[in-house]
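A.B. asks: First the structure, then my questions, so here it is.
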Amino acid sequence: QLSGAPLGIGALLKQANLAPSTSEASRLIDGGGVRVDGAVISDRGLKLEAGTFVVQVGKRKFARVTLG
């Protein structure tokens with residue numbers, strides 16, 4: 001669970017321990033390796049509102065993130 005909605009996708013990946021840094025998160029997004037609820041994310045500036053999401057980085061890293 002994370003607080004601070006709306007939260008940028010890069011900060012969310014870092015706080016959920018799916019990426020070591022926000023700059024690495026940006027590189028993952030540019031490479032097409034980030035999905036939210038099954039949809040590929042291509043916009044680095046995406047802000048997620050409050051809710052529950054399944055975030056996937058690469059093929060094997062998943063996290064269910066609840067933003068409040």
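Ligands are numbered from 1 in the order shown, residues from 1 within each chain, and chains are lettered A, B, ... in the order they appear in the structure tokens.
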Using DSSP on the backbone, list every residue of chain A that comes out as helix (DSSP H, G or I), and give them as a list in words.
C.D. replies: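 Secondary structure check on chain A, helix (DSSP H, G or I): Ile9, Gly10, Ala11, Leu12, Leu13, Lys14, Gln15, Thr22, Ser23, Glu24, Ala25, Ser26, Arg27, Leu28, Ile29 and Asp30 of chain A.
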A.B. asks: Got time to write the residues from that selection, C-alpha atoms, as an mmCIF file, in the first residue's frame?
C.D. replies:
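Just written: result.cif:
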data_model
loop_
_atom_site.group_PDB
_atom_site.id
_atom_site.type_symbol
_atom_site.label_atom_id
_atom_site.label_comp_id
_atom_site.auth_asym_id
_atom_site.auth_seq_id
_atom_site.Cartn_x
_atom_site.Cartn_y
_atom_site.Cartn_z
ATOM 1 C CA ILE A 9 4.407 6.054 -12.529
ATOM 2 C CA GLY A 10 8.171 6.418 -11.981
ATOM 3 C CA ALA A 11 7.775 7.218 -8.283
ATOM 4 C CA LEU A 12 5.276 4.377 -7.913
ATOM 5 C CA LEU A 13 7.732 1.841 -9.387
ATOM 6 C CA LYS A 14 10.454 3.059 -7.032
ATOM 7 C CA GLN A 15 8.252 3.016 -3.912
ATOM 8 C CA THR A 22 13.044 6.772 -10.824
ATOM 9 C CA SER A 23 15.533 7.161 -13.694
ATOM 10 C CA GLU A 24 15.717 3.371 -14.069
ATOM 11 C CA ALA A 25 11.903 3.319 -13.992
ATOM 12 C CA SER A 26 11.890 5.828 -16.879
ATOM 13 C CA ARG A 27 14.217 3.580 -18.882
ATOM 14 C CA LEU A 28 11.938 0.600 -18.250
ATOM 15 C CA ILE A 29 8.926 2.614 -19.457
ATOM 16 C CA ASP A 30 10.808 3.732 -22.596
#
A.B. asks: Set the distance at 12 Å and use only C-alpha atoms: which residues neighbour Val40 (chain A) once local chain neighbours fewer than 2 positions away are removed? I'd like the list as a short mmCIF file (atom, residue, chain, number, x, y, z; two decimals) with all heavy atoms, in the first residue's frame.
C.D. replies:
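Saved result, selection.cif, follows:
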data_model
loop_
_atom_site.label_atom_id
_atom_site.label_comp_id
_atom_site.auth_asym_id
_atom_site.auth_seq_id
_atom_site.Cartn_x
_atom_site.Cartn_y
_atom_site.Cartn_z
N LEU A 28 12.81 1.75 -18.08
CA LEU A 28 11.94 0.60 -18.25
C LEU A 28 10.68 0.97 -19.04
O LEU A 28 10.22 0.22 -19.90
CB LEU A 28 11.54 0.03 -16.88
CG LEU A 28 12.65 -0.68 -16.10
CD1 LEU A 28 12.24 -0.85 -14.64
CD2 LEU A 28 12.95 -2.03 -16.72
N ILE A 29 10.13 2.15 -18.75
CA ILE A 29 8.93 2.61 -19.46
C ILE A 29 9.25 2.84 -20.93
O ILE A 29 8.50 2.42 -21.82
CB ILE A 29 8.37 3.90 -18.80
CG1 ILE A 29 7.84 3.57 -17.41
CG2 ILE A 29 7.28 4.51 -19.66
CD1 ILE A 29 7.60 4.78 -16.53
N ASP A 30 10.40 3.48 -21.21
CA ASP A 30 10.81 3.73 -22.60
C ASP A 30 11.00 2.42 -23.35
O ASP A 30 10.74 2.35 -24.55
CB ASP A 30 12.11 4.54 -22.64
CG ASP A 30 11.89 5.99 -22.23
OD1 ASP A 30 10.73 6.43 -22.20
OD2 ASP A 30 12.89 6.66 -21.93
N GLY A 31 11.46 1.39 -22.66
CA GLY A 31 11.69 0.10 -23.30
C GLY A 31 10.42 -0.74 -23.42
O GLY A 31 10.48 -1.85 -23.94
N GLY A 32 9.31 -0.24 -22.94
CA GLY A 32 8.05 -0.98 -23.06
C GLY A 32 7.93 -2.12 -22.07
O GLY A 32 7.15 -3.05 -22.29
N GLY A 33 8.67 -2.06 -20.96
CA GLY A 33 8.67 -3.17 -20.01
C GLY A 33 7.75 -2.99 -18.82
O GLY A 33 7.83 -3.77 -17.88
N VAL A 34 6.88 -1.98 -18.86
CA VAL A 34 6.01 -1.72 -17.71
C VAL A 34 4.55 -1.84 -18.14
O VAL A 34 4.15 -1.26 -19.15
CB VAL A 34 6.27 -0.31 -17.12
CG1 VAL A 34 5.32 -0.01 -15.97
CG2 VAL A 34 7.71 -0.19 -16.67
N ARG A 35 3.77 -2.59 -17.36
CA ARG A 35 2.34 -2.73 -17.63
C ARG A 35 1.56 -2.42 -16.37
O ARG A 35 2.00 -2.76 -15.27
CB ARG A 35 1.99 -4.16 -18.05
CG ARG A 35 2.54 -4.57 -19.38
CD ARG A 35 2.34 -6.06 -19.60
NE ARG A 35 2.92 -6.46 -20.87
CZ ARG A 35 2.17 -6.79 -21.93
NH1 ARG A 35 0.88 -6.79 -21.83
NH2 ARG A 35 2.76 -7.12 -23.05
N VAL A 36 0.42 -1.79 -16.54
CA VAL A 36 -0.52 -1.56 -15.44
C VAL A 36 -1.83 -2.19 -15.85
O VAL A 36 -2.42 -1.82 -16.87
CB VAL A 36 -0.69 -0.05 -15.14
CG1 VAL A 36 -1.77 0.16 -14.08
CG2 VAL A 36 0.62 0.56 -14.68
N ASP A 37 -2.30 -3.16 -15.06
CA ASP A 37 -3.53 -3.91 -15.38
C ASP A 37 -3.48 -4.48 -16.80
O ASP A 37 -4.49 -4.47 -17.51
CB ASP A 37 -4.77 -3.03 -15.18
CG ASP A 37 -5.01 -2.73 -13.71
OD1 ASP A 37 -4.53 -3.50 -12.86
OD2 ASP A 37 -5.69 -1.73 -13.42
N GLY A 38 -2.31 -4.94 -17.23
CA GLY A 38 -2.18 -5.59 -18.52
C GLY A 38 -1.92 -4.66 -19.69
O GLY A 38 -1.64 -5.12 -20.79
N SER A 42 3.47 3.72 -21.98
CA SER A 42 4.51 4.37 -22.78
C SER A 42 4.71 5.82 -22.36
O SER A 42 5.66 6.46 -22.78
CB SER A 42 4.14 4.31 -24.26
OG SER A 42 2.87 4.89 -24.47
N ASP A 43 3.83 6.35 -21.51
CA ASP A 43 3.89 7.75 -21.08
C ASP A 43 4.58 7.85 -19.73
O ASP A 43 4.06 7.38 -18.72
CB ASP A 43 2.46 8.30 -21.01
CG ASP A 43 2.42 9.73 -20.49
OD1 ASP A 43 3.49 10.39 -20.49
OD2 ASP A 43 1.33 10.19 -20.10
N ARG A 44 5.78 8.47 -19.71
CA ARG A 44 6.54 8.63 -18.46
C ARG A 44 5.83 9.55 -17.47
O ARG A 44 6.05 9.45 -16.28
CB ARG A 44 7.89 9.26 -18.75
CG ARG A 44 8.92 8.31 -19.20
CD ARG A 44 10.23 9.01 -19.02
NE ARG A 44 11.09 8.77 -20.16
CZ ARG A 44 12.25 9.39 -20.33
NH1 ARG A 44 12.64 10.29 -19.48
NH2 ARG A 44 12.99 9.12 -21.36
N LEU A 46 2.71 9.68 -16.76
CA LEU A 46 1.43 9.14 -16.29
C LEU A 46 1.31 9.26 -14.78
O LEU A 46 2.23 8.92 -14.05
CB LEU A 46 1.32 7.66 -16.69
CG LEU A 46 0.09 6.92 -16.19
CD1 LEU A 46 -1.16 7.41 -16.92
CD2 LEU A 46 0.25 5.44 -16.36
N VAL A 54 -2.58 -3.78 -10.70
CA VAL A 54 -1.55 -4.81 -10.81
C VAL A 54 -0.48 -4.23 -11.72
O VAL A 54 -0.73 -3.93 -12.88
CB VAL A 54 -2.12 -6.12 -11.38
CG1 VAL A 54 -1.00 -7.13 -11.59
CG2 VAL A 54 -3.17 -6.68 -10.45
N VAL A 55 0.72 -4.04 -11.16
CA VAL A 55 1.83 -3.44 -11.91
C VAL A 55 2.82 -4.54 -12.22
O VAL A 55 3.21 -5.31 -11.34
CB VAL A 55 2.50 -2.33 -11.08
CG1 VAL A 55 3.62 -1.68 -11.88
CG2 VAL A 55 1.48 -1.28 -10.66
N GLN A 56 3.23 -4.62 -13.50
CA GLN A 56 4.19 -5.63 -13.93
C GLN A 56 5.40 -4.94 -14.53
O GLN A 56 5.27 -4.03 -15.34
CB GLN A 56 3.55 -6.54 -14.98
CG GLN A 56 4.49 -7.59 -15.52
CD GLN A 56 3.85 -8.43 -16.61
OE1 GLN A 56 2.70 -8.25 -16.95
NE2 GLN A 56 4.62 -9.34 -17.16
N VAL A 57 6.60 -5.39 -14.11
CA VAL A 57 7.84 -4.90 -14.69
C VAL A 57 8.57 -6.12 -15.25
O VAL A 57 8.89 -7.04 -14.51
CB VAL A 57 8.71 -4.18 -13.64
CG1 VAL A 57 10.05 -3.79 -14.23
CG2 VAL A 57 7.99 -2.95 -13.11
N GLY A 58 8.82 -6.11 -16.55
CA GLY A 58 9.45 -7.26 -17.18
C GLY A 58 8.48 -8.44 -17.21
O GLY A 58 7.27 -8.26 -17.21
#
A.B. asks: What is the CA of Gln1 (chain A)-CA of Pro20 (chain A) distance in Å, reported with one decimal?
C.D. replies: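 Taking CA of Gln1 (chain A) as the start and CA of Pro20 (chain A) as the end point, the length is 17.8 Å.
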A.B. asks: One number please: CA of Thr66 (chain A) to CA of Gly45 (chain A), in Å, one decimal.
C.D. replies: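 It comes out at 19.2 Å.
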A.B. asks: Can you tell me how far CA of Leu2 (chain A) sits from CA of Leu18 (chain A), in Å to one decimal?
C.D. replies: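 Value for the CA of Leu2 (chain A)-CA of Leu18 (chain A) distance: 13.2 Å.
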A.B. asks: Quick one: pick out all strand (DSSP E) residues within chain A from a backbone DSSP run and write them as a PyMOL selection string.
C.D. replies: chain A and resi 7-8+34-36+39-40+47-48+51-57+61-67
